[in-house]
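J.: This is the content of structure00.cif (mmCIF, C-alpha atoms):
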data_run
loop_
_atom_site.group_PDB
_atom_site.id
_atom_site.type_symbol
_atom_site.label_atom_id
_atom_site.label_comp_id
_atom_site.auth_asym_id
_atom_site.auth_seq_id
_atom_site.Cartn_x
_atom_site.Cartn_y
_atom_site.Cartn_z
ATOM 1 C CA MET A 1 -5.693 1.476 0.897
ATOM 2 C CA GLU A 2 -7.235 2.493 4.173
ATOM 3 C CA GLU A 3 -7.387 1.302 7.768
ATOM 4 C CA LYS A 4 -10.562 0.652 9.735
ATOM 5 C CA VAL A 5 -10.512 0.116 13.506
ATOM 6 C CA ARG A 6 -13.161 -0.999 15.984
ATOM 7 C CA HIS A 7 -13.189 -1.843 19.693
ATOM 8 C CA CYS A 8 -14.877 -4.456 21.886
ATOM 9 C CA PHE A 9 -14.861 -5.256 25.617
ATOM 10 C CA ASN A 10 -16.004 -8.849 26.000
ATOM 11 C CA SER A 11 -13.083 -11.099 26.975
ATOM 12 C CA GLY A 12 -14.931 -14.361 26.277
ATOM 13 C CA LEU A 13 -15.324 -13.880 22.524
ATOM 14 C CA LYS A 14 -14.216 -16.646 20.198
ATOM 15 C CA SER A 15 -14.831 -15.469 16.640
ATOM 16 C CA ASP A 16 -16.007 -12.751 14.325
ATOM 17 C CA VAL A 17 -17.959 -12.794 11.031
ATOM 18 C CA TYR A 18 -17.679 -10.285 8.160
ATOM 19 C CA VAL A 19 -19.153 -9.779 4.722
ATOM 20 C CA PHE A 20 -16.834 -7.797 2.409
ATOM 21 C CA ASP A 21 -18.450 -6.290 -0.694
ATOM 22 C CA CYS A 22 -16.041 -4.577 -3.090
ATOM 23 C CA VAL A 23 -14.832 -4.390 -6.676
ATOM 24 C CA VAL A 24 -13.052 -7.356 -8.232
ATOM 25 C CA ALA A 25 -9.416 -7.725 -7.085
ATOM 26 C CA PHE A 26 -10.094 -6.214 -3.643
ATOM 27 C CA ALA A 27 -8.335 -7.390 -0.478
ATOM 28 C CA ALA A 28 -8.622 -6.974 3.303
ATOM 29 C CA SER A 29 -6.343 -8.080 6.165
ATOM 30 C CA VAL A 30 -7.829 -8.519 9.656
ATOM 31 C CA TYR A 31 -5.993 -8.231 12.984
ATOM 32 C CA LEU A 32 -7.100 -8.705 16.588
ATOM 33 C CA ASN A 33 -4.985 -6.442 18.782
ATOM 34 C CA ASP A 34 -1.498 -7.199 17.379
ATOM 35 C CA VAL A 35 -2.318 -10.699 16.077
ATOM 36 C CA PHE A 36 -2.842 -11.354 12.354
ATOM 37 C CA LEU A 37 -6.024 -13.364 11.687
ATOM 38 C CA ALA A 38 -6.309 -13.695 7.900
ATOM 39 C CA THR A 39 -6.561 -11.890 4.560
ATOM 40 C CA THR A 40 -9.553 -12.189 2.261
ATOM 41 C CA TYR A 41 -9.046 -11.741 -1.483
ATOM 42 C CA GLY A 42 -11.201 -10.775 -4.416
ATOM 43 C CA ASN A 43 -10.230 -11.865 -7.897
ATOM 44 C CA SER A 44 -10.621 -11.254 -11.612
ATOM 45 C CA THR A 45 -8.478 -12.927 -14.242
ATOM 46 C CA ASN A 46 -9.434 -11.612 -17.686
ATOM 47 C CA ASN A 47 -12.979 -11.232 -16.320
ATOM 48 C CA LYS A 48 -13.024 -14.902 -15.282
ATOM 49 C CA ASN A 49 -13.279 -16.369 -11.795
ATOM 50 C CA ILE A 50 -14.679 -13.040 -10.603
ATOM 51 C CA ILE A 51 -14.964 -12.627 -6.820
ATOM 52 C CA ARG A 52 -16.722 -9.444 -5.707
ATOM 53 C CA GLU A 53 -17.829 -10.532 -2.239
ATOM 54 C CA THR A 54 -16.426 -12.788 0.459
ATOM 55 C CA ASP A 55 -18.097 -14.083 3.619
ATOM 56 C CA GLU A 56 -15.471 -14.845 6.237
ATOM 57 C CA THR A 57 -15.352 -16.168 9.798
ATOM 58 C CA TYR A 58 -12.241 -15.282 11.800
ATOM 59 C CA ILE A 59 -11.403 -17.454 14.797
ATOM 60 C CA PHE A 60 -9.589 -15.677 17.617
ATOM 61 C CA PRO A 61 -6.427 -17.619 18.546
ATOM 62 C CA GLU A 62 -5.918 -18.593 22.152
ATOM 63 C CA GLY A 63 -4.316 -15.758 24.097
ATOM 64 C CA SER A 64 -5.168 -13.069 21.550
ATOM 65 C CA VAL A 65 -8.138 -11.640 23.504
ATOM 66 C CA LEU A 66 -7.174 -9.287 26.323
ATOM 67 C CA LYS A 67 -9.155 -10.065 29.475
ATOM 68 C CA GLY A 68 -10.748 -7.084 31.173
ATOM 69 C CA LYS A 69 -9.430 -4.636 28.589
ATOM 70 C CA ASP A 70 -10.483 -3.110 25.296
ATOM 71 C CA ASN A 71 -9.818 -5.385 22.345
ATOM 72 C CA VAL A 72 -9.165 -3.760 18.980
ATOM 73 C CA ILE A 73 -9.903 -5.273 15.593
ATOM 74 C CA THR A 74 -8.032 -3.544 12.768
ATOM 75 C CA ILE A 75 -8.872 -4.058 9.109
ATOM 76 C CA ILE A 76 -6.615 -2.865 6.316
ATOM 77 C CA GLN A 77 -8.600 -2.894 3.104
ATOM 78 C CA ASP A 78 -8.371 -1.885 -0.526
ATOM 79 C CA ASN A 79 -11.845 -1.885 -2.113
ATOM 80 C CA MET A 80 -10.519 -0.965 -5.605
ATOM 81 C CA GLY A 81 -12.996 1.861 -6.081
ATOM 82 C CA LEU A 82 -16.422 2.004 -7.726
ATOM 83 C CA ASP A 83 -17.786 0.281 -10.808
ATOM 84 C CA GLU A 84 -18.387 2.260 -13.966
ATOM 85 C CA THR A 85 -21.894 3.400 -14.861
ATOM 86 C CA HIS A 86 -22.804 2.260 -18.369
ATOM 87 C CA PRO A 87 -25.915 3.468 -20.238
ATOM 88 C CA HIS A 88 -26.539 0.087 -21.903
ATOM 89 C CA TRP A 89 -26.099 -2.438 -19.123
ATOM 90 C CA ASP A 90 -25.776 -0.836 -15.692
ATOM 91 C CA PHE A 91 -27.094 2.577 -14.719
ATOM 92 C CA ASP A 92 -26.468 2.016 -10.993
ATOM 93 C CA GLY A 93 -23.070 0.304 -11.009
ATOM 94 C CA SER A 94 -21.362 3.235 -9.316
ATOM 95 C CA LYS A 95 -23.840 3.015 -6.413
ATOM 96 C CA SER A 96 -22.792 -0.465 -5.284
ATOM 97 C CA PRO A 97 -21.716 -0.694 -1.619
ATOM 98 C CA ARG A 98 -18.022 -0.963 -0.802
ATOM 99 C CA GLY A 99 -16.077 -2.210 2.178
ATOM 100 C CA ILE A 100 -17.585 -4.092 5.125
ATOM 101 C CA ARG A 101 -21.226 -4.629 4.246
ATOM 102 C CA GLY A 102 -22.056 -6.820 7.222
ATOM 103 C CA TYR A 103 -20.472 -7.960 10.466
ATOM 104 C CA HIS A 104 -21.322 -9.925 13.583
ATOM 105 C CA LEU A 105 -19.322 -10.464 16.745
ATOM 106 C CA ILE A 106 -20.235 -13.882 18.128
ATOM 107 C CA GLY A 107 -20.990 -13.566 21.830
ATOM 108 C CA GLY A 108 -20.569 -9.796 22.121
ATOM 109 C CA THR A 109 -21.029 -6.325 20.669
ATOM 110 C CA PHE A 110 -18.778 -3.561 19.417
ATOM 111 C CA ASN A 111 -18.422 -0.268 21.237
ATOM 112 C CA TYR A 112 -17.675 1.882 18.211
ATOM 113 C CA TRP A 113 -16.032 2.065 14.795
ATOM 114 C CA LYS A 114 -13.287 4.409 13.725
ATOM 115 C CA VAL A 115 -12.387 4.905 10.072
ATOM 116 C CA GLN A 116 -8.856 6.248 9.656
ATOM 117 C CA GLY A 117 -8.922 8.839 6.904
ATOM 118 C CA LYS A 118 -6.352 11.080 5.263
ATOM 119 C CA PHE A 119 -4.415 13.692 7.233
ATOM 120 C CA GLY A 120 -6.598 16.778 7.719
ATOM 121 C CA GLY A 121 -9.737 15.011 6.526
ATOM 122 C CA TYR A 122 -11.452 15.759 3.227
ATOM 123 C CA GLU A 123 -11.773 19.478 3.838
ATOM 124 C CA ASN A 124 -8.694 20.568 5.799
ATOM 125 C CA PHE A 125 -5.989 18.457 4.137
ATOM 126 C CA PRO A 126 -2.869 20.609 3.667
ATOM 127 C CA ASP A 127 -1.628 19.272 0.312
ATOM 128 C CA LYS A 128 -3.861 21.262 -2.040
ATOM 129 C CA ALA A 129 -1.362 21.057 -4.912
ATOM 130 C CA ARG A 130 -1.475 17.250 -5.193
ATOM 131 C CA GLY A 131 -5.172 17.082 -4.411
ATOM 132 C CA ILE A 132 -7.597 15.094 -2.348
ATOM 133 C CA TYR A 133 -6.937 11.671 -3.891
ATOM 134 C CA ASN A 134 -3.140 11.682 -3.619
ATOM 135 C CA GLU A 135 -2.904 10.039 -0.191
ATOM 136 C CA GLY A 136 -5.018 7.931 2.132
ATOM 137 C CA GLY A 137 -5.215 6.853 5.763
ATOM 138 C CA LEU A 138 -2.103 4.714 6.207
ATOM 139 C CA PHE A 139 -0.053 5.803 9.217
ATOM 140 C CA GLY A 140 2.986 6.573 7.083
ATOM 141 C CA GLU A 141 0.924 8.750 4.768
ATOM 142 C CA ARG A 142 -0.463 10.703 7.723
ATOM 143 C CA GLN A 143 3.098 11.150 8.997
ATOM 144 C CA GLY A 144 4.188 12.427 5.590
ATOM 145 C CA TRP A 145 6.808 9.725 5.048
ATOM 146 C CA HIS A 146 6.051 9.780 1.324
ATOM 147 C CA LEU A 147 6.955 13.464 1.046
ATOM 148 C CA PRO A 148 10.326 15.088 0.362
ATOM 149 C CA GLN A 149 12.109 16.085 3.573
ATOM 150 C CA SER A 150 11.398 19.805 3.163
ATOM 151 C CA GLU A 151 7.634 19.171 3.022
ATOM 152 C CA ARG A 152 7.626 16.420 5.636
ATOM 153 C CA ALA A 153 9.216 18.744 8.199
ATOM 154 C CA ARG A 154 6.371 21.248 7.752
ATOM 155 C CA ARG A 155 3.563 18.744 8.335
ATOM 156 C CA PRO A 156 2.113 18.964 11.859
ATOM 157 C CA THR A 157 0.596 15.728 13.143
ATOM 158 C CA LYS A 158 -0.776 14.334 16.382
ATOM 159 C CA ASP A 159 0.260 10.819 15.378
ATOM 160 C CA THR A 160 3.948 11.397 16.057
ATOM 161 C CA LEU A 161 5.719 8.170 16.987
ATOM 162 C CA GLU A 162 9.446 7.915 17.552
ATOM 163 C CA LEU A 163 10.788 5.306 15.145
ATOM 164 C CA SER A 164 14.266 4.478 14.010
ATOM 165 C CA TRP A 165 14.904 3.747 10.350
ATOM 166 C CA ALA A 166 17.263 1.044 9.131
ATOM 167 C CA LYS A 167 18.746 0.217 5.737
ATOM 168 C CA ARG A 168 16.659 -2.445 4.036
ATOM 169 C CA ASP A 169 15.939 -3.210 0.399
ATOM 170 C CA PRO A 170 12.279 -3.779 -0.608
ATOM 171 C CA SER A 171 13.318 -7.091 -2.159
ATOM 172 C CA GLU A 172 14.037 -8.320 1.388
ATOM 173 C CA GLY A 173 10.383 -7.868 2.328
ATOM 174 C CA LEU A 174 9.199 -6.570 5.679
ATOM 175 C CA PRO A 175 11.329 -6.988 8.808
ATOM 176 C CA PRO A 176 10.390 -9.904 11.097
ATOM 177 C CA THR A 177 9.838 -7.753 14.216
ATOM 178 C CA SER A 178 9.764 -4.106 15.271
ATOM 179 C CA ARG A 179 13.409 -4.538 16.340
ATOM 180 C CA TYR A 180 15.795 -6.018 13.845
ATOM 181 C CA SER A 181 19.449 -5.824 12.950
ATOM 182 C CA SER A 182 20.463 -3.501 10.157
ATOM 183 C CA ALA A 183 20.547 -5.323 6.847
ATOM 184 C CA THR A 184 21.884 -4.166 3.530
ATOM 185 C CA SER A 185 21.902 -5.569 0.045
ATOM 186 C CA PRO A 186 23.230 -4.417 -3.336
ATOM 187 C CA LEU A 187 21.310 -1.224 -4.096
ATOM 188 C CA ARG A 188 18.608 -2.197 -6.539
ATOM 189 C CA SER A 189 16.380 0.816 -5.990
ATOM 190 C CA LEU A 190 15.268 1.715 -2.471
ATOM 191 C CA SER A 191 16.518 1.284 1.073
ATOM 192 C CA GLY A 192 15.216 2.145 4.530
ATOM 193 C CA SER A 193 11.973 0.940 6.075
ATOM 194 C CA GLN A 194 9.584 1.679 8.888
ATOM 195 C CA PRO A 195 9.523 -1.015 11.584
ATOM 196 C CA VAL A 196 6.277 -2.961 11.324
ATOM 197 C CA ILE A 197 4.483 -3.113 14.647
ATOM 198 C CA ASN A 198 2.773 -6.483 14.829
ATOM 199 C CA SER A 199 3.668 -9.863 16.267
ATOM 200 C CA ASN A 200 3.674 -11.712 12.962
ATOM 201 C CA GLY A 201 6.650 -10.100 11.302
ATOM 202 C CA THR A 202 5.846 -10.416 7.629
ATOM 203 C CA SER A 203 2.201 -9.326 7.696
ATOM 204 C CA GLY A 204 1.436 -5.623 7.825
ATOM 205 C CA VAL A 205 2.423 -2.368 6.143
ATOM 206 C CA GLY A 206 5.966 -1.064 5.906
ATOM 207 C CA PHE A 207 7.271 2.162 4.401
ATOM 208 C CA PHE A 208 10.453 2.225 2.352
ATOM 209 C CA ARG A 209 11.978 5.455 1.119
ATOM 210 C CA THR A 210 15.150 6.694 -0.505
ATOM 211 C CA THR A 211 16.614 9.738 -2.223
ATOM 212 C CA PHE A 212 18.765 9.872 -5.332
ATOM 213 C CA LYS A 213 20.026 12.494 -7.768
ATOM 214 C CA LEU A 214 19.668 12.626 -11.550
ATOM 215 C CA ASP A 215 21.690 14.772 -13.925
ATOM 216 C CA LEU A 216 20.418 13.993 -17.423
ATOM 217 C CA PRO A 217 21.772 16.017 -20.364
ATOM 218 C CA ARG A 218 19.476 18.685 -21.734
ATOM 219 C CA GLY A 219 18.078 18.640 -25.239
ATOM 220 C CA TYR A 220 16.437 15.212 -25.048
ATOM 221 C CA ASP A 221 13.141 13.661 -23.974
ATOM 222 C CA TYR A 222 13.701 10.742 -21.594
ATOM 223 C CA MET A 223 10.993 8.136 -21.046
ATOM 224 C CA LEU A 224 11.587 6.778 -17.520
ATOM 225 C CA SER A 225 9.589 4.252 -15.522
ATOM 226 C CA PHE A 226 9.691 2.369 -12.233
ATOM 227 C CA ASN A 227 9.450 -1.387 -12.713
ATOM 228 C CA PHE A 228 8.478 -4.093 -10.214
ATOM 229 C CA LYS A 229 10.147 -7.474 -10.644
ATOM 230 C CA ASP A 230 9.332 -9.830 -7.817
ATOM 231 C CA MET A 231 11.347 -12.924 -8.591
ATOM 232 C CA GLU A 232 15.008 -13.555 -9.384
ATOM 233 C CA ASP A 233 17.050 -16.461 -10.653
ATOM 234 C CA GLU A 234 20.003 -18.043 -8.847
ATOM 235 C CA ASP A 235 22.329 -15.288 -10.129
ATOM 236 C CA GLY A 236 20.175 -12.479 -8.760
ATOM 237 C CA TYR A 237 18.720 -11.377 -12.096
ATOM 238 C CA PRO A 238 14.964 -10.858 -12.626
ATOM 239 C CA LYS A 239 13.126 -13.753 -14.185
ATOM 240 C CA THR A 240 10.941 -13.399 -17.266
ATOM 241 C CA PRO A 241 7.653 -11.399 -17.096
ATOM 242 C CA GLU A 242 5.432 -14.458 -16.750
ATOM 243 C CA ASN A 243 6.964 -15.009 -13.303
ATOM 244 C CA TYR A 244 6.352 -11.486 -12.016
ATOM 245 C CA HIS A 245 2.950 -12.284 -10.498
ATOM 246 C CA GLY A 246 1.936 -14.349 -7.532
ATOM 247 C CA GLN A 247 3.346 -12.751 -4.379
ATOM 248 C CA PRO A 248 0.653 -11.590 -1.921
ATOM 249 C CA TYR A 249 1.446 -7.903 -1.510
ATOM 250 C CA ARG A 250 0.282 -4.475 -2.645
ATOM 251 C CA ALA A 251 2.470 -1.418 -2.971
ATOM 252 C CA LEU A 252 1.820 2.282 -3.416
ATOM 253 C CA LEU A 253 4.523 4.139 -5.347
ATOM 254 C CA PHE A 254 5.198 7.771 -4.386
ATOM 255 C CA VAL A 255 7.608 9.939 -6.390
ATOM 256 C CA ASN A 256 8.462 13.302 -4.820
ATOM 257 C CA GLY A 257 5.227 13.085 -2.848
ATOM 258 C CA TRP A 258 3.011 12.167 -5.814
ATOM 259 C CA MET A 259 1.217 8.821 -5.792
ATOM 260 C CA MET A 260 2.129 7.404 -9.200
ATOM 261 C CA GLY A 261 0.808 3.845 -9.108
ATOM 262 C CA LYS A 262 -0.380 0.789 -7.216
ATOM 263 C CA ARG A 263 1.224 -2.609 -7.699
ATOM 264 C CA ILE A 264 -0.893 -5.706 -6.946
ATOM 265 C CA GLY A 265 1.645 -8.481 -6.668
ATOM 266 C CA ASN A 266 -0.697 -11.473 -6.588
ATOM 267 C CA LEU A 267 -2.769 -10.368 -9.603
ATOM 268 C CA GLY A 268 -1.009 -7.715 -11.657
ATOM 269 C CA PRO A 269 -0.972 -7.142 -14.532
ATOM 270 C CA GLN A 270 0.815 -3.783 -14.332
ATOM 271 C CA VAL A 271 4.497 -3.874 -13.400
ATOM 272 C CA LYS A 272 5.661 -0.708 -15.211
ATOM 273 C CA PHE A 273 4.816 2.781 -13.893
ATOM 274 C CA PRO A 274 5.994 5.652 -16.127
ATOM 275 C CA VAL A 275 6.871 8.928 -14.367
ATOM 276 C CA HIS A 276 7.380 12.012 -16.496
ATOM 277 C CA GLU A 277 9.605 15.030 -16.031
ATOM 278 C CA GLY A 278 8.086 17.583 -13.705
ATOM 279 C CA ILE A 279 7.141 14.878 -11.212
ATOM 280 C CA LEU A 280 10.594 13.285 -11.493
ATOM 281 C CA LYS A 281 13.427 15.814 -11.347
ATOM 282 C CA TYR A 282 15.775 15.027 -14.212
ATOM 283 C CA ARG A 283 18.367 17.385 -12.787
ATOM 284 C CA GLY A 284 18.146 17.342 -9.015
ATOM 285 C CA GLU A 285 17.332 15.245 -5.961
ATOM 286 C CA ASN A 286 14.325 12.909 -5.942
ATOM 287 C CA THR A 287 12.486 11.220 -3.088
ATOM 288 C CA VAL A 288 10.825 7.868 -3.761
ATOM 289 C CA ALA A 289 8.700 5.990 -1.219
ATOM 290 C CA LEU A 290 6.928 2.636 -1.238
ATOM 291 C CA ALA A 291 4.092 1.676 1.100
ATOM 292 C CA ILE A 292 4.238 -2.128 0.974
ATOM 293 C CA TRP A 293 1.331 -4.145 2.377
ATOM 294 C CA SER A 294 2.326 -7.760 2.977
ATOM 295 C CA MET A 295 -0.892 -9.776 3.154
ATOM 296 C CA SER A 296 0.320 -13.130 4.510
ATOM 297 C CA PRO A 297 2.800 -14.023 7.265
ATOM 298 C CA THR A 298 3.572 -17.377 5.630
ATOM 299 C CA SER A 299 4.257 -16.234 2.051
ATOM 300 C CA PRO A 300 7.494 -14.250 1.631
ATOM 301 C CA ILE A 301 7.459 -11.208 -0.628
ATOM 302 C CA HIS A 302 10.387 -9.810 -2.613
ATOM 303 C CA PRO A 303 9.404 -6.634 -4.488
ATOM 304 C CA PHE A 304 12.379 -5.945 -6.760
ATOM 305 C CA VAL A 305 12.126 -2.305 -7.938
ATOM 306 C CA GLU A 306 14.249 -0.491 -10.492
ATOM 307 C CA LEU A 307 14.218 2.771 -12.445
ATOM 308 C CA LEU A 308 14.616 2.184 -16.191
ATOM 309 C CA VAL A 309 15.151 4.370 -19.252
ATOM 310 C CA ASP A 310 12.565 3.167 -21.775
ATOM 311 C CA ALA A 311 13.476 5.508 -24.621
ATOM 312 C CA ILE A 312 15.420 8.675 -25.483
ATOM 313 C CA TYR A 313 14.340 11.161 -28.177
ATOM 314 C CA GLU A 314 16.066 14.230 -29.525
ATOM 315 C CA GLY A 315 14.308 17.489 -28.773
ATOM 316 C CA GLY A 316 13.237 18.055 -25.220
ATOM 317 C CA ILE A 317 11.182 20.765 -23.572
ATOM 318 C CA GLU A 318 12.655 22.749 -20.722
ATOM 319 C CA VAL A 319 10.876 21.999 -17.442
ATOM 320 C CA ALA A 320 11.502 24.152 -14.384
ATOM 321 C CA ASP A 321 13.115 22.244 -11.530
#
For the file at hand, write its structure as structure tokens.

T.:
Amino acid sequence: MEEKVRHCFNSGLKSDVYVFDCVVAFAASVYLNDVFLATTYGNSTNNKNIIRETDETYIFPEGSVLKGKDNVITIIQDNMGLDETHPHWDFDGSKSPRGIRGYHLIGGTFNYWKVQGKFGGYENFPDKARGIYNEGGLFGERQGWHLPQSERARRPTKDTLELSWAKRDPSEGLPPTSRYSSATSPLRSLSGSQPVINSNGTSGVGFFRTTFKLDLPRGYDYMLSFNFKDMEDEDGYPKTPENYHGQPYRALLFVNGWMMGKRIGNLGPQVKFPVHEGILKYRGENTVALAIWSMSPTSPIHPFVELLVDAIYEGGIEVAD
């Protein structure tokens, strides 16, 4: 996921037109200043009802345009990468354009575009061990909120913003405003979130993070995985797998700084993300972070996350902590 920002001056503008061209299952949320406009969705369900491109017109709500000042349009988008190149049916699939292929501001012009990339860019990024594809341009990633505390403290950044963290379970969704009362729930997996700075409450990106310790006996291989379950019954237990899909959110899962999966709540199908020993410390403290992108202010999201033991085998290979 990445953020794109652009600026305009004209205070009399009414609407904006975009053409998004991406891989199936893409998504993009559009904001004017701090006002949510809409989210556009791609789709692919077993290679049916495929949507690779959307043409959208976004109407600026009354009062959202700042008179006599710069107006900023922000687009959070996930283009889902490039197509495969196949020698039998598509030699040029990997060359297809991605992102915003066309745009038009009705009644005005843009000053400039700014694409928010990863911290340090694609040459000077500091995290050489995890590599160039481990993190993107989300503000929390640039701040190092997905990293263990010892690494986060060593990351210099010009984006420093003083924020207070509060206890909040991911299943509660994003907070309604940038200021909210502390809320707790039975610990299902994670707690603590970054206040979301927009006027719509449930639309935007929030960071959740937690730490926990494991002390698993030696001499065994443990198959562990993080599981997303988005719906619960009246007793608070997860419903059956066929009900896991449908909520409009995306989430990046970071384990001890490593990006280990992306959950697409409204499409799926993946809900299980295995994490092996070496990334997950079986005997020691672990840091887990979720970057949750809520894509609609009118559809509540409840990402229920848990760490499960899938299997245990005798044997085991010693892994340095």

J.: Please determine, counting all atoms listed in the file, which residue among A:Val30, A:Leu253, A:Ile312, A:Val319 has the shortest atom-to-atom distance to Lys281 (chain A).

T.: A:Val319

J.: For a quick check of understanding, using only C-alpha atoms, which of A:Arg209, A:Lys114, A:Lys167, A:Arg218 has the smallest distance to Gly144 (chain A)?

T.: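 For Gly144 (chain A), the nearest of the given residues is A:Arg209.
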
J.: Can you translate the PyMOL selection byres ((chain A and resi 249) around 7) into the concrete residues it hits in this file, as a list in words?

T.: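 Given this file, the PyMOL selection byres ((chain A and resi 249) around 7) evaluates to Gln247, Pro248, Arg250, Ala251, Ile264, Gly265, Asn266, Ile292, Trp293, Ser294, Met295 and Ile301 of chain A.
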
J.: Once you count all atoms listed in the file, which residues end up no further than 12 Å from (1.8, -15.8, 4.6) in the file's frame, shown as a short mmCIF file (atom, residue, chain, number, x, y, z; two decimals) with C-alpha atoms, keeping the file's coordinate frame?

T.:
data_model
loop_
_atom_site.label_atom_id
_atom_site.label_comp_id
_atom_site.auth_asym_id
_atom_site.auth_seq_id
_atom_site.Cartn_x
_atom_site.Cartn_y
_atom_site.Cartn_z
CA SER A 29 -6.34 -8.08 6.16
CA PHE A 36 -2.84 -11.35 12.35
CA LEU A 37 -6.02 -13.36 11.69
CA ALA A 38 -6.31 -13.70 7.90
CA THR A 39 -6.56 -11.89 4.56
CA GLY A 173 10.38 -7.87 2.33
CA LEU A 174 9.20 -6.57 5.68
CA ASN A 200 3.67 -11.71 12.96
CA GLY A 201 6.65 -10.10 11.30
CA THR A 202 5.85 -10.42 7.63
CA SER A 203 2.20 -9.33 7.70
CA GLY A 204 1.44 -5.62 7.82
CA GLN A 247 3.35 -12.75 -4.38
CA PRO A 248 0.65 -11.59 -1.92
CA TYR A 249 1.45 -7.90 -1.51
CA TRP A 293 1.33 -4.14 2.38
CA SER A 294 2.33 -7.76 2.98
CA MET A 295 -0.89 -9.78 3.15
CA SER A 296 0.32 -13.13 4.51
CA PRO A 297 2.80 -14.02 7.26
CA THR A 298 3.57 -17.38 5.63
CA SER A 299 4.26 -16.23 2.05
CA PRO A 300 7.49 -14.25 1.63
CA ILE A 301 7.46 -11.21 -0.63
#

J.: Report as a count of residues only the full result of the PyMOL selection byres ((chain A and resi 51) around 6) when it is applied to this structure.

T.: 6

J.: For Lys272 (chain A), find every residue with an atom within 10 Å (counting all atoms listed in the file), except residues of its own chain fewer than 4 positions away, and show them as an NGL selection string.

T.: :A and (224-229 or 261 or 263 or 305-308)

J.: Export, as a compact mmCIF listing (two decimals), in the coordinates of the input, the selected residues with C-alpha atoms.

T.:
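This is the output file again.txt:
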# COMPACT_ATOMS: atom_id res chain seq x y z
CA LEU A 224 11.59 6.78 -17.52
CA SER A 225 9.59 4.25 -15.52
CA PHE A 226 9.69 2.37 -12.23
CA ASN A 227 9.45 -1.39 -12.71
CA PHE A 228 8.48 -4.09 -10.21
CA LYS A 229 10.15 -7.47 -10.64
CA GLY A 261 0.81 3.84 -9.11
CA ARG A 263 1.22 -2.61 -7.70
CA VAL A 305 12.13 -2.31 -7.94
CA GLU A 306 14.25 -0.49 -10.49
CA LEU A 307 14.22 2.77 -12.44
CA LEU A 308 14.62 2.18 -16.19

J.: For the provided coordinates, the residues matched by the PyMOL selection byres ((chain A and resi 129-133) around 12) should be stated as a ChimeraX atom specification.

T.: /A:1,81,117-128,134-137,147,254-260,279

J.: Grab the CA of Leu82 (chain A) to CA of Arg98 (chain A) distance for me, in Å with one decimal place.

T.: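 CA of Leu82 (chain A) sits 7.7 Å away from CA of Arg98 (chain A).
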
J.: Using all atoms listed in the file, pick whichever of A:Val72, A:Thr57, A:Gly99, A:His276 has the shortest atom-to-atom distance to Trp113 (chain A).

T.: A:Val72

J.: Using CA of Asn286 (chain A) and CA of Ser150 (chain A) as the two end points, give the distance in Å to one decimal.

T.: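 Here the two named atoms are 11.8 Å from each other.
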
J.: Determine the nearest neighbour of Phe273 (chain A) from the options A:Val65, A:Leu252, A:Ala28, A:Ile317, counting only C-alpha atoms.

T.: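 Closest to Phe273 (chain A), using only C-alpha atoms: A:Leu252.
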
J.: Within 10 Å of Trp145 (chain A), counting only C-alpha atoms, which residues qualify if same-chain residues fewer than 6 places away don't, as a PyMOL selection string?

T.: chain A and resi 139+151-153+194+207-209+254+257+288-291

J.: Atoms to include: C-alpha atoms. Write the selected residues as a compact mmCIF listing (two decimals), keeping the file's coordinate frame.

T.:
# COMPACT_ATOMS: atom_id res chain seq x y z
CA PHE A 139 -0.05 5.80 9.22
CA GLU A 151 7.63 19.17 3.02
CA ARG A 152 7.63 16.42 5.64
CA ALA A 153 9.22 18.74 8.20
CA GLN A 194 9.58 1.68 8.89
CA PHE A 207 7.27 2.16 4.40
CA PHE A 208 10.45 2.22 2.35
CA ARG A 209 11.98 5.46 1.12
CA PHE A 254 5.20 7.77 -4.39
CA GLY A 257 5.23 13.08 -2.85
CA VAL A 288 10.82 7.87 -3.76
CA ALA A 289 8.70 5.99 -1.22
CA LEU A 290 6.93 2.64 -1.24
CA ALA A 291 4.09 1.68 1.10

J.: Which is closest to Tyr103 (chain A) among A:Asp55, A:Ser64, A:Thr74, A:Met80, if we use only C-alpha atoms?

T.: A:Asp55

J.: Using all atoms listed in the file, find the one residue out of A:Asp70, A:Glu62, A:Asp78, A:Glu172 that sits nearest to Thr40 (chain A).

T.: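 So, comparing all the options, the nearest one is A:Asp78.
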
J.: Have a look at CA of Met223 (chain A) and CA of Asp310 (chain A) and let me know their distance in Å, one decimal.

T.: 5.3 Å
